[in-house]
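**Q** The structure's right below; bear with me while I get my questions together.
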Amino acid sequence: MKKFYGSLLLVTLLYFSQVLQVKAQLPWDEIMMGRGEICAALMYEHSSWNQYWEGSYLRENANIGTFTRQMGMPMIAMGLTKKINIITSLPYVSTKASGGTQVGQSGIQDLSISAKVDWLQKQLGPGRLLFLTNAHFSTPVGNYLSDYMPFSIGFGAPEFGLRGTGAFKMDNGLVFRAAFAYLWRGQSEIERDYYYQDGSVYSSFMNVPDALNIHAAIGYWAFDNRLRLEATYMSLNCLNGDDIRSYNRPQPTNKTEVSQVGAWAQYYINSERGLGALAYINQTISGRNMGKATTIGVGLTYQFKVY
Amino acid sequence: MIMKNFNKVYLSLFFLLIITSGCLEETPNFYEFNDYEFENLDENGGSWQTILVTNPSQISISQPEATNSSSYQSELTVLKQQMSALSTAEKQAVQYWSSNPILRWNEIALELAAKYNLIPGPNADGTYTLPNPANPVGPPPFPFAHPPYTSRMLAYLSVAQFDALVVAWHYKFQYKRPAPYHVASEIKPAYAPSQLPSYPSDGATVALVSKEILTTMFPLEAKYLEKKYQEHISSLVHAGINVPSDIEAGVIIGTEVVKLAKQRASTDGMAQAQTTKPVSDSIANAALERFGWKWENTETPQRPVGLTPLFGRVKMWHVPTVEEVRPGLPPVPGSPQFDADARELKQFAAHMTLEQRRVANWWEDGLGSYTPPGHWNKFAKLAIVKNKLNPLRTARVFAYMNTAIMDAGIACWDTKYYFHYPRPVETIPGFKTILGTPNFPAYTSGHSTFSAAGAEVLSYFFPADAAQFRAWAEEAAVSRLYGGIHYRFDAEVGITQGKNVGTYAVNRAKSDGAL
């Protein structure tokens with residue numbers, strides 16, 4: 001019988017596919033680029049786990065051993081205007097397990113387009129208060145199979161998210177930031193027409209549960225705003241869905257939950273324009289129907305002005 | 001200005017979302033079909049050959065009260081009162097159970113198969129604990145509804161339903177008590193009116209045998225099944241098709257048939273199918289001595305015993321001895337034919353097309369699913385509704401198909417453990433698959449034998465769709481090659497074996513008195 005009951009990392013993964021909207025900026029940070037500025041980035045991320053949560057039970061599975069996910073992602077951020085930035089990305093993802101006899105999955109994952117709007121910048125005492133929103137849409141563009149967890153490279157459904165980000169950026173370089181998002185998820189088309197989700201389902205579509213997504217960070221800008229350091233927190237909680245059943249594989253209908261802490265560093269070699277580099281690390285500290293992953297990422301950014 | 005535009009953008013995105021969320025595909029939990037008029041009432045159905053019951057007259061029910069009797073009239077009064085005050089839930093139950101409730105009990109059986117088709121994981125010390133019917137709660141819970149278990153569960157369910165309905169038909173057309181809505185024209189039945197006599201209630205006899213057989217097979221579901229049973233029984237009155245005395249007579253018949261089914265099940269050899277490690281080792285070593293190879297479990301930690309090594313010795317329904325449907329020797333590993341078939345698997349894995357991937361997954365029917373026997377029950381259900389079969393004909397299709405499928409499983413398992421042939425992940429170095437490799441030997445393919453037997457029986461009952469059923473069986477067989485868990489010879493010989501087994505069931509069906 002099948003023996004790759006593992007867990008996925010899926011949402012984390014997906015999350016990172018959007019996370020990595022680098023340059024200066026991520027969808028949930030307080031950073032905006034000026035009009036006509038373009039930042040192109042190339043990211044590499046390595047994530048692995050050897051334990052996963054089956055429901056809320058943290059377990060190992062020797063038929064998975066250590067699960068590894070790698071991602072390469074080109075990304076482009078652009079300052080449409082000073083107040084409106086557009087960010088797009090298209091990751092290539094590859095998964096594999098050290099144990100068991102099942103093959104991993106590789107392919108182009110989801111195209112993501114997001115629009116970030118700067119609504120408020122107001123000096124308040126020792127710093128500036130900022131409020132931004134971000135709307136994003138992502139959808140699978142390849143033909144990867146979502147119903148092949150934990151190896152699936154994505155959950156295979158469109159996602160629409162609305163996020164509000166508030167930040168307080170102090171004149172001394174400290175930044176406090178929190179972002180809250182609601183993520184609507186659509187359906188994932190699978191290749192069987194019957195599956196079990198708390199009972200029989202006669203359909204070749206799975207409903208991927210909606211989720212709440214929180215980001216928070218304490219950051220510090222040093223060396224004339226050329227080095228950016230952040231301590232980060234992220235959580236993602238599906239609002240419904242089922243648990244992975246006993247020693248069974250996950251599926252896109254699962255109620256996934258994850259929280260992570262991490263660190264982020266970004267360095268602009270020539271202040272505003274030109275080359276930059278970044279690196280980050282994230283550690284999953286709690287979860288449900290997810291792998292307990294450790295993730296590291298590195299990236300190069302190049303910023304230039306076109307108009 | 002730009003901000004205002006952006007407000008609009010956000011707003012339109014929001015509405016777009018609302019609109020698109022209305023376009024989501026349905027994810028139904030059961031098959032919704034329109035009520036239909038039975039294509040035939042099979043008035044001689046009571047004379048059809050049964051499988052467990054020797055003769056319908058061995059089960060007796062009392063002669064019903066006449067429709068003009070005061071007791072019947074008072075039953076009608078109660079029925080009319082109840083029908084006039086149905087709650088929404090009761091109306092929904094009437095719609096759900098339909099005039100062919102075998103389809104619903106079959107769906108319930110498949111759902112429980114999928115619920116319990118979970119392989120026990122290892123304990124912390126690397127050992128495995130098997131489900132134990134003496135302690136069903138576990139852990140692990142009993143049963144593990146793997147394909148052999150599920151095939152047998154469906155066979156007993158369907159045979160009991162069929163025999164009980166033959167007996168019910170026997171008395172229906174002996175006593176010919178009309179349905180309540182023919183006695184009192186003000187009663188409007190929920191389903192298409194028919195001339196089928198209502199004493200004894202076919203619905204009640206189906207409800208009783210289904211609940212009892214499924215409770216035997218899934219003891220932890222007793223409460224759930226009792227609730228379904230009560231809902232079904234109530235719906236018979238609420239639909240205007242039975243009065244309580246119809247139901248009581250149906251229950252009596254069902255109860256007697258259940259005894260016969262349980263009697264057979266308790267002595268069919270299934271209790272010995274999952275062996276100890278010494279027995280399992282001796283089976284493997286016998287193959288090693290005879291053929292020079294043996295299959296081994298490839299999981300970590302290794303499972304000490306394969307899945308039901310002695311399922312091949314379970315009592316068959318239609319085949320006198322399992323040896324007569326055991327195929328010949330598979331290609332020797334390392335022989336030219338073996339090498340060609342192994343090379344083919346590597347090519348599939350290296351150049352998998354989307355269509356091949358789809359076929360592998362559509363037929364996976366693996367852990368957590370209703371298994372290949374379940375898949376064929378779904379096909380049967382669709383064909384039954386399409387052809388507007390009455391409950392008796394429906395039961396006959398399921399009974400012959402599910403006994404043929406169980407026989408195919410027995411024949412396949414006998415072959416698997418006789419030849420003990422290794423899986424592709426064992427014989428092809430470094431081979432990785434898109435499907436999980438099962439915990440039993442390769443030759444012959446279970447999917448292929450189950451499917452060919454199912455297709456053979458369905459092709460007999462529904463000749464217009466025979467080509468489709470046989471094409472599905474072929475697709476099920478080849479799906480295992482795409483999945484990387486079977487060689488072509490496993491699949492091809494499995495198809496031949498399954499057809500062969502299915503023919504025994506078809507030959508018996510041809511002479512059971514139904515045309």
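Chain labels follow the order of the structure tokens: the first chain is A, the next B, and so on; residue numbering restarts at 1 in every chain, and ligands are counted from 1 in their shown order.
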Enumerate as a short mmCIF file (atom, residue, chain, number, x, y, z; two decimals) with N, CA and C atoms, in the first residue's frame all residues of region 27-186 of chain A assigned to strand (DSSP E or B) by DSSP on the backbone, naming them with the chain letters and numbers the document uses.

**A**
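Result file follows (selection09.cif):
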data_model
loop_
_atom_site.label_atom_id
_atom_site.label_comp_id
_atom_site.auth_asym_id
_atom_site.auth_seq_id
_atom_site.Cartn_x
_atom_site.Cartn_y
_atom_site.Cartn_z
N GLU A 37 10.53 52.97 -10.93
CA GLU A 37 11.59 52.09 -10.42
C GLU A 37 11.20 50.63 -10.68
N ILE A 38 12.15 49.85 -11.08
CA ILE A 38 11.91 48.42 -11.24
C ILE A 38 12.97 47.66 -10.47
N CYS A 39 12.52 46.66 -9.78
CA CYS A 39 13.46 45.81 -9.08
C CYS A 39 13.27 44.39 -9.58
N ALA A 40 14.30 43.81 -10.12
CA ALA A 40 14.25 42.41 -10.53
C ALA A 40 15.02 41.60 -9.51
N ALA A 41 14.45 40.45 -9.15
CA ALA A 41 15.11 39.65 -8.13
C ALA A 41 15.14 38.19 -8.56
N LEU A 42 16.12 37.50 -8.11
CA LEU A 42 16.19 36.06 -8.32
C LEU A 42 16.43 35.43 -6.96
N MET A 43 15.53 34.52 -6.60
CA MET A 43 15.57 33.96 -5.26
C MET A 43 15.84 32.47 -5.31
N TYR A 44 16.50 32.01 -4.30
CA TYR A 44 16.62 30.56 -4.11
C TYR A 44 16.25 30.26 -2.67
N GLU A 45 15.46 29.21 -2.51
CA GLU A 45 15.02 28.86 -1.15
C GLU A 45 15.14 27.37 -0.95
N HIS A 46 15.57 26.98 0.21
CA HIS A 46 15.71 25.57 0.56
C HIS A 46 14.97 25.36 1.87
N SER A 47 14.07 24.36 1.85
CA SER A 47 13.25 24.13 3.03
C SER A 47 13.24 22.63 3.30
N SER A 48 13.32 22.24 4.54
CA SER A 48 13.27 20.80 4.81
C SER A 48 12.65 20.53 6.16
N TRP A 49 12.12 19.31 6.29
CA TRP A 49 11.56 18.87 7.57
C TRP A 49 11.67 17.36 7.68
N TYR A 52 6.30 16.07 10.93
CA TYR A 52 5.14 16.82 10.45
C TYR A 52 3.98 16.59 11.40
N TRP A 53 3.02 17.50 11.31
CA TRP A 53 1.84 17.36 12.15
C TRP A 53 0.73 16.65 11.39
N GLU A 54 0.31 15.53 11.93
CA GLU A 54 -0.84 14.78 11.40
C GLU A 54 -2.01 15.23 12.26
N TYR A 57 -0.90 16.11 15.88
CA TYR A 57 0.08 15.16 16.40
C TYR A 57 1.38 15.25 15.59
N LEU A 58 2.45 15.64 16.26
CA LEU A 58 3.75 15.78 15.60
C LEU A 58 4.40 14.41 15.49
N ARG A 59 4.72 14.00 14.28
CA ARG A 59 5.23 12.65 14.09
C ARG A 59 6.36 12.62 13.06
N PHE A 67 12.19 15.48 4.20
CA PHE A 67 11.52 16.03 3.03
C PHE A 67 12.19 17.35 2.67
N THR A 68 12.51 17.50 1.40
CA THR A 68 13.21 18.72 0.96
C THR A 68 12.43 19.39 -0.16
N ARG A 69 12.35 20.67 -0.04
CA ARG A 69 11.71 21.46 -1.09
C ARG A 69 12.66 22.56 -1.49
N GLN A 70 12.87 22.70 -2.77
CA GLN A 70 13.72 23.79 -3.25
C GLN A 70 12.91 24.65 -4.20
N MET A 71 13.24 25.92 -4.19
CA MET A 71 12.49 26.83 -5.05
C MET A 71 13.44 27.84 -5.67
N GLY A 72 13.27 28.07 -6.94
CA GLY A 72 13.94 29.17 -7.60
C GLY A 72 12.87 30.10 -8.13
N MET A 73 13.04 31.40 -7.91
CA MET A 73 11.94 32.28 -8.29
C MET A 73 12.42 33.62 -8.83
N PRO A 74 12.09 33.88 -10.08
CA PRO A 74 12.28 35.25 -10.56
C PRO A 74 11.11 36.13 -10.11
N MET A 75 11.39 37.35 -9.83
CA MET A 75 10.36 38.26 -9.34
C MET A 75 10.64 39.65 -9.87
N ILE A 76 9.59 40.36 -10.16
CA ILE A 76 9.76 41.75 -10.60
C ILE A 76 8.80 42.63 -9.81
N ALA A 77 9.36 43.68 -9.24
CA ALA A 77 8.53 44.68 -8.57
C ALA A 77 8.70 45.99 -9.32
N MET A 78 7.60 46.71 -9.38
CA MET A 78 7.66 47.93 -10.19
C MET A 78 6.87 49.05 -9.53
N GLY A 79 7.44 50.22 -9.59
CA GLY A 79 6.73 51.39 -9.07
C GLY A 79 5.89 52.00 -10.17
N ILE A 84 1.63 53.40 -5.85
CA ILE A 84 1.14 52.09 -6.26
C ILE A 84 2.28 51.27 -6.84
N ASN A 85 2.54 50.16 -6.23
CA ASN A 85 3.59 49.25 -6.72
C ASN A 85 2.96 47.93 -7.13
N ILE A 86 3.52 47.36 -8.18
CA ILE A 86 3.05 46.06 -8.66
C ILE A 86 4.17 45.04 -8.46
N ILE A 87 3.82 43.88 -8.00
CA ILE A 87 4.82 42.84 -7.76
C ILE A 87 4.35 41.54 -8.43
N THR A 88 5.19 40.92 -9.22
CA THR A 88 4.82 39.63 -9.81
C THR A 88 5.94 38.62 -9.58
N SER A 89 5.54 37.37 -9.53
CA SER A 89 6.55 36.33 -9.34
C SER A 89 6.06 35.02 -9.92
N TYR A 92 9.65 28.27 -9.56
CA TYR A 92 9.86 26.88 -9.97
C TYR A 92 10.19 26.12 -8.69
N VAL A 93 9.47 25.01 -8.48
CA VAL A 93 9.61 24.30 -7.21
C VAL A 93 9.92 22.84 -7.48
N SER A 94 10.72 22.27 -6.61
CA SER A 94 11.06 20.85 -6.72
C SER A 94 11.05 20.23 -5.33
N THR A 95 10.44 19.03 -5.23
CA THR A 95 10.36 18.36 -3.92
C THR A 95 10.94 16.96 -4.01
N LYS A 96 11.40 16.47 -2.89
CA LYS A 96 11.85 15.08 -2.84
C LYS A 96 11.89 14.62 -1.39
N ALA A 97 11.90 13.31 -1.20
CA ALA A 97 11.98 12.74 0.14
C ALA A 97 13.19 11.82 0.18
N GLN A 102 8.70 6.78 -3.36
CA GLN A 102 7.94 7.65 -4.26
C GLN A 102 8.74 8.83 -4.74
N SER A 106 8.34 18.27 -9.59
CA SER A 106 9.02 19.50 -9.97
C SER A 106 8.18 20.23 -11.00
N GLY A 107 8.25 21.54 -10.98
CA GLY A 107 7.55 22.28 -12.02
C GLY A 107 7.33 23.72 -11.66
N ILE A 108 6.75 24.41 -12.63
CA ILE A 108 6.39 25.81 -12.41
C ILE A 108 5.15 25.84 -11.54
N ASP A 110 2.83 28.71 -9.10
CA ASP A 110 1.73 29.65 -9.31
C ASP A 110 2.25 31.04 -9.68
N LEU A 111 1.62 31.62 -10.68
CA LEU A 111 1.91 33.00 -11.04
C LEU A 111 1.19 33.90 -10.05
N SER A 112 1.91 34.83 -9.49
CA SER A 112 1.30 35.74 -8.52
C SER A 112 1.47 37.18 -8.99
N ILE A 113 0.39 37.92 -8.88
CA ILE A 113 0.43 39.34 -9.21
C ILE A 113 -0.16 40.09 -8.04
N SER A 114 0.53 41.10 -7.58
CA SER A 114 -0.03 41.81 -6.45
C SER A 114 0.16 43.31 -6.60
N ALA A 115 -0.78 44.02 -6.06
CA ALA A 115 -0.75 45.49 -6.12
C ALA A 115 -0.72 46.03 -4.70
N LYS A 116 0.24 46.87 -4.49
CA LYS A 116 0.43 47.41 -3.14
C LYS A 116 0.18 48.91 -3.19
N VAL A 117 -0.58 49.39 -2.26
CA VAL A 117 -0.97 50.79 -2.28
C VAL A 117 -0.60 51.46 -0.96
N ASP A 118 0.02 52.59 -1.09
CA ASP A 118 0.42 53.38 0.08
C ASP A 118 -0.69 54.38 0.37
N TRP A 119 -1.36 54.22 1.50
CA TRP A 119 -2.51 55.07 1.82
C TRP A 119 -2.17 56.20 2.78
N LEU A 120 -1.18 55.95 3.60
CA LEU A 120 -0.97 56.91 4.69
C LEU A 120 0.50 56.94 5.07
N GLN A 121 1.04 58.12 5.15
CA GLN A 121 2.38 58.30 5.71
C GLN A 121 2.29 59.57 6.54
N LYS A 122 2.42 59.41 7.83
CA LYS A 122 2.17 60.59 8.67
C LYS A 122 3.20 60.64 9.79
N GLN A 123 3.85 61.80 9.91
CA GLN A 123 4.81 61.95 11.00
C GLN A 123 4.04 61.99 12.31
N LEU A 124 4.51 61.18 13.24
CA LEU A 124 3.82 61.11 14.53
C LEU A 124 4.90 60.97 15.60
N GLY A 127 8.50 59.31 14.85
CA GLY A 127 8.59 58.48 13.64
C GLY A 127 7.41 58.74 12.72
N ARG A 128 7.29 57.84 11.77
CA ARG A 128 6.21 57.98 10.80
C ARG A 128 5.27 56.79 10.90
N LEU A 129 3.99 57.10 10.82
CA LEU A 129 2.99 56.04 10.83
C LEU A 129 2.62 55.75 9.37
N LEU A 130 2.58 54.46 9.04
CA LEU A 130 2.28 54.09 7.67
C LEU A 130 1.12 53.09 7.62
N PHE A 131 0.33 53.22 6.58
CA PHE A 131 -0.68 52.19 6.34
C PHE A 131 -0.72 51.88 4.85
N LEU A 132 -0.65 50.57 4.56
CA LEU A 132 -0.66 50.13 3.17
C LEU A 132 -1.64 48.97 3.01
N THR A 133 -2.08 48.79 1.79
CA THR A 133 -2.86 47.58 1.51
C THR A 133 -2.21 46.85 0.34
N ASN A 134 -2.55 45.60 0.28
CA ASN A 134 -2.01 44.77 -0.79
C ASN A 134 -3.11 43.81 -1.23
N ALA A 135 -3.35 43.80 -2.51
CA ALA A 135 -4.29 42.81 -3.07
C ALA A 135 -3.49 41.90 -3.98
N HIS A 136 -3.66 40.63 -3.83
CA HIS A 136 -2.92 39.75 -4.72
C HIS A 136 -3.81 38.65 -5.27
N PHE A 137 -3.39 38.19 -6.42
CA PHE A 137 -4.07 37.05 -7.05
C PHE A 137 -3.00 36.10 -7.53
N SER A 138 -3.19 34.83 -7.23
CA SER A 138 -2.24 33.86 -7.76
C SER A 138 -3.01 32.67 -8.31
N THR A 139 -2.43 32.04 -9.30
CA THR A 139 -3.11 30.89 -9.90
C THR A 139 -2.07 29.96 -10.52
N PRO A 140 -2.35 28.66 -10.46
CA PRO A 140 -1.39 27.71 -11.05
C PRO A 140 -1.27 27.95 -12.54
N GLU A 159 -5.90 31.86 -5.69
CA GLU A 159 -6.01 32.52 -4.37
C GLU A 159 -6.12 34.01 -4.60
N PHE A 160 -7.03 34.61 -3.85
CA PHE A 160 -7.15 36.07 -3.87
C PHE A 160 -7.00 36.54 -2.43
N GLY A 161 -6.11 37.49 -2.22
CA GLY A 161 -5.87 37.94 -0.86
C GLY A 161 -5.95 39.44 -0.73
N LEU A 162 -6.49 39.89 0.41
CA LEU A 162 -6.51 41.31 0.73
C LEU A 162 -5.79 41.48 2.06
N ARG A 163 -4.87 42.41 2.08
CA ARG A 163 -4.04 42.56 3.26
C ARG A 163 -3.94 44.02 3.64
N GLY A 164 -3.96 44.26 4.93
CA GLY A 164 -3.70 45.61 5.45
C GLY A 164 -2.42 45.57 6.26
N THR A 165 -1.55 46.53 6.03
CA THR A 165 -0.27 46.56 6.73
C THR A 165 -0.12 47.90 7.44
N GLY A 166 0.14 47.84 8.73
CA GLY A 166 0.40 49.06 9.50
C GLY A 166 1.83 49.03 10.01
N ALA A 167 2.49 50.16 9.99
CA ALA A 167 3.87 50.17 10.46
C ALA A 167 4.17 51.51 11.13
N PHE A 168 5.12 51.45 12.02
CA PHE A 168 5.63 52.68 12.62
C PHE A 168 7.13 52.68 12.43
N LYS A 169 7.59 53.61 11.62
CA LYS A 169 9.01 53.66 11.29
C LYS A 169 9.63 54.84 12.03
N MET A 170 10.51 54.51 12.96
CA MET A 170 11.05 55.57 13.80
C MET A 170 12.23 56.24 13.10
N LEU A 174 14.39 52.17 13.68
CA LEU A 174 13.57 51.03 14.12
C LEU A 174 12.23 51.02 13.39
N VAL A 175 11.77 49.82 13.08
CA VAL A 175 10.46 49.69 12.42
C VAL A 175 9.63 48.64 13.16
N PHE A 176 8.39 48.95 13.41
CA PHE A 176 7.46 47.97 13.97
C PHE A 176 6.34 47.79 12.96
N ARG A 177 6.03 46.54 12.64
CA ARG A 177 5.09 46.33 11.53
C ARG A 177 4.19 45.14 11.81
N ALA A 178 2.96 45.25 11.41
CA ALA A 178 2.05 44.10 11.48
C ALA A 178 1.14 44.12 10.26
N ALA A 179 0.88 42.93 9.70
CA ALA A 179 0.02 42.84 8.52
C ALA A 179 -0.98 41.71 8.71
N PHE A 180 -2.22 41.97 8.34
CA PHE A 180 -3.27 40.96 8.46
C PHE A 180 -3.90 40.75 7.08
N ALA A 181 -4.06 39.52 6.71
CA ALA A 181 -4.64 39.25 5.39
C ALA A 181 -5.71 38.17 5.49
N TYR A 182 -6.69 38.31 4.62
CA TYR A 182 -7.66 37.24 4.41
C TYR A 182 -7.39 36.66 3.04
N LEU A 183 -7.27 35.33 2.99
CA LEU A 183 -6.96 34.67 1.73
C LEU A 183 -8.16 33.81 1.30
N TRP A 184 -8.76 34.19 0.17
CA TRP A 184 -9.83 33.36 -0.41
C TRP A 184 -9.17 32.34 -1.32
N ARG A 185 -9.53 31.08 -1.14
CA ARG A 185 -8.98 30.08 -2.03
C ARG A 185 -10.10 29.42 -2.83
#

**Q** Once you count only C-alpha atoms, which residues of chain A turn out to be within 6 Å of chain B? Could you give them as a ChimeraX atom specification?

**A** /A:1-3,62-63,101-103,191-192,200-203,247

**Q** Write to file, as a PDB file, in the first residue's frame, the residues of the selection just made, with C-alpha atoms.

**A**
ATOM      1  CA  MET A   1       0.000   0.000   0.000  1.00  0.00           C
ATOM      2  CA  LYS A   2       1.033   3.480  -0.341  1.00  0.00           C
ATOM      3  CA  LYS A   3       3.534   4.660   1.988  1.00  0.00           C
ATOM      4  CA  ALA A  62      10.560   6.849   7.831  1.00  0.00           C
ATOM      5  CA  ASN A  63       8.968   6.435   4.418  1.00  0.00           C
ATOM      6  CA  THR A 101       9.984   4.766  -2.910  1.00  0.00           C
ATOM      7  CA  GLN A 102       7.936   7.647  -4.259  1.00  0.00           C
ATOM      8  CA  VAL A 103       9.218  10.229  -6.644  1.00  0.00           C
ATOM      9  CA  GLU A 191      -7.347  13.524 -11.210  1.00  0.00           C
ATOM     10  CA  ARG A 192      -9.696  11.219  -9.320  1.00  0.00           C
ATOM     11  CA  SER A 200     -17.588  10.594   0.571  1.00  0.00           C
ATOM     12  CA  VAL A 201     -17.103  13.326  -1.999  1.00  0.00           C
ATOM     13  CA  TYR A 202     -18.030  12.493  -5.582  1.00  0.00           C
ATOM     14  CA  SER A 203     -16.115  15.209  -7.384  1.00  0.00           C
ATOM     15  CA  TYR A 247      -0.792   7.541   8.804  1.00  0.00           C
TER      16      TYR A 247
END

**Q** Can you pull out every residue within 9 Å of Val209 (chain B), counting only C-alpha atoms, but drop anything in the same chain fewer than 2 positions away, and send it as a ChimeraX atom specification?

**A** /B:157,160-161,164,204-207,211-214,251,253-255,257-258

**Q** Give me, as a PyMOL selection string, all polymer residues having an atom no more than 8 Å from region 225-239 of chain B, counting only C-alpha atoms and skipping those fewer than 2 positions away in the same chain.

**A** chain B and resi 79+82-83+86+90-91+93-94+97+189-191+203-204+207-208+211+214-215+221-223+241-244+247

**Q** Could you check how far CA of Trp28 (chain A) sits from CA of Pro250 (chain A), in Å to one decimal?

**A**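 Going from CA of Trp28 (chain A) over to CA of Pro250 (chain A), I get 28.4 Å.
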
**Q** Please identify all polymer residues within 7 Å of region 142-148 of chain A, counting only C-alpha atoms, omitting same-chain residues fewer than 3 positions from it, and present them as a list in words.

**A**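 Answer for this query is Gly107, Ile108, Gln109, Phe151, Ser152, Gly154, Phe155, Gly156, Ile190, Gln251 and Pro252 of chain A.
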
**Q** Please dump the current selection as a JSON list (two decimals), in the first residue's frame; keep N, CA and C atoms.

**A**
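Full text of again_18.json as output:
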[["chain", "number", "residue", "atom", "x", "y", "z"],
["A", 107, "GLY", "N", 8.25, 21.54, -10.98],
["A", 107, "GLY", "CA", 7.55, 22.28, -12.02],
["A", 107, "GLY", "C", 7.33, 23.72, -11.66],
["A", 108, "ILE", "N", 6.75, 24.41, -12.63],
["A", 108, "ILE", "CA", 6.39, 25.81, -12.41],
["A", 108, "ILE", "C", 5.15, 25.84, -11.54],
["A", 109, "GLN", "N", 5.18, 26.65, -10.52],
["A", 109, "GLN", "CA", 4.07, 26.66, -9.58],
["A", 109, "GLN", "C", 3.05, 27.74, -9.95],
["A", 151, "PHE", "N", 4.23, 15.65, -1.78],
["A", 151, "PHE", "CA", 5.19, 16.05, -2.81],
["A", 151, "PHE", "C", 4.69, 17.19, -3.69],
["A", 152, "SER", "N", 3.39, 17.43, -3.71],
["A", 152, "SER", "CA", 2.84, 18.49, -4.56],
["A", 152, "SER", "C", 3.57, 19.80, -4.33],
["A", 154, "GLY", "N", 2.29, 22.71, -4.94],
["A", 154, "GLY", "CA", 1.36, 23.78, -4.61],
["A", 154, "GLY", "C", 0.00, 23.19, -4.31],
["A", 155, "PHE", "N", -0.94, 24.03, -3.87],
["A", 155, "PHE", "CA", -2.27, 23.47, -3.59],
["A", 155, "PHE", "C", -3.19, 23.53, -4.80],
["A", 156, "GLY", "N", -2.70, 24.08, -5.89],
["A", 156, "GLY", "CA", -3.40, 23.91, -7.16],
["A", 156, "GLY", "C", -4.68, 24.69, -7.33],
["A", 190, "ILE", "N", -8.44, 17.85, -9.38],
["A", 190, "ILE", "CA", -7.60, 16.69, -9.14],
["A", 190, "ILE", "C", -7.87, 15.65, -10.22],
["A", 251, "GLN", "N", -4.02, 16.18, 1.92],
["A", 251, "GLN", "CA", -4.67, 16.57, 0.67],
["A", 251, "GLN", "C", -5.04, 18.05, 0.73],
["A", 252, "PRO", "N", -5.31, 18.66, -0.42],
["A", 252, "PRO", "CA", -5.52, 20.11, -0.42],
["A", 252, "PRO", "C", -6.69, 20.60, 0.43]]

**Q** Could you pull out all residues of region 253-393 of chain B with a DSSP call of helix (DSSP H, G or I) and give them as a PyMOL selection string?

**A** chain B and resi 253-266+270-272+277-291+311-313+322-325+336-350+354-362+371-386+391-393

**Q** Closest to Glu60 (chain A) among B:Gly126, B:Pro101, B:Gly292, B:Gly483, using only C-alpha atoms?

**A** B:Gly126

**Q** What gap, in Å, lies between CA of Ile285 (chain A) and CA of Leu236 (chain A)?

**A**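 Separating CA of Ile285 (chain A) from CA of Leu236 (chain A) is a distance of 12.1 Å.
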
**Q** Give me the residues within 7 Å of Asp243 (chain A) as an NGL selection string, counting only C-alpha atoms and dropping any in the same chain fewer than 2 places off.

**A** :A and (54-55 or 241 or 245 or 254-255 or 289)

**Q** For the selection just defined, write its residues with N, CA and C atoms to a file, as a short mmCIF file (atom, residue, chain, number, x, y, z; two decimals), in the first residue's frame.

**A**
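again.cif, written as the output of this step:
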data_model
loop_
_atom_site.label_atom_id
_atom_site.label_comp_id
_atom_site.auth_asym_id
_atom_site.auth_seq_id
_atom_site.Cartn_x
_atom_site.Cartn_y
_atom_site.Cartn_z
N GLU A 54 0.31 15.53 11.93
CA GLU A 54 -0.84 14.78 11.40
C GLU A 54 -2.01 15.23 12.26
N GLY A 55 -2.84 16.16 11.75
CA GLY A 55 -3.72 16.88 12.66
C GLY A 55 -2.83 17.69 13.58
N GLY A 241 -11.66 22.89 6.98
CA GLY A 241 -10.89 21.82 6.36
C GLY A 241 -10.76 20.64 7.30
N ARG A 245 -5.62 12.07 7.97
CA ARG A 245 -6.05 10.90 8.74
C ARG A 245 -4.85 10.07 9.16
N ASN A 254 -7.09 19.95 3.51
CA ASN A 254 -6.71 19.94 4.93
C ASN A 254 -6.74 21.34 5.54
N LYS A 255 -7.05 21.34 6.81
CA LYS A 255 -6.99 22.58 7.60
C LYS A 255 -5.53 22.76 8.03
N ASN A 289 -1.20 19.77 10.27
CA ASN A 289 -1.21 19.22 8.90
C ASN A 289 -0.12 19.84 8.02
#
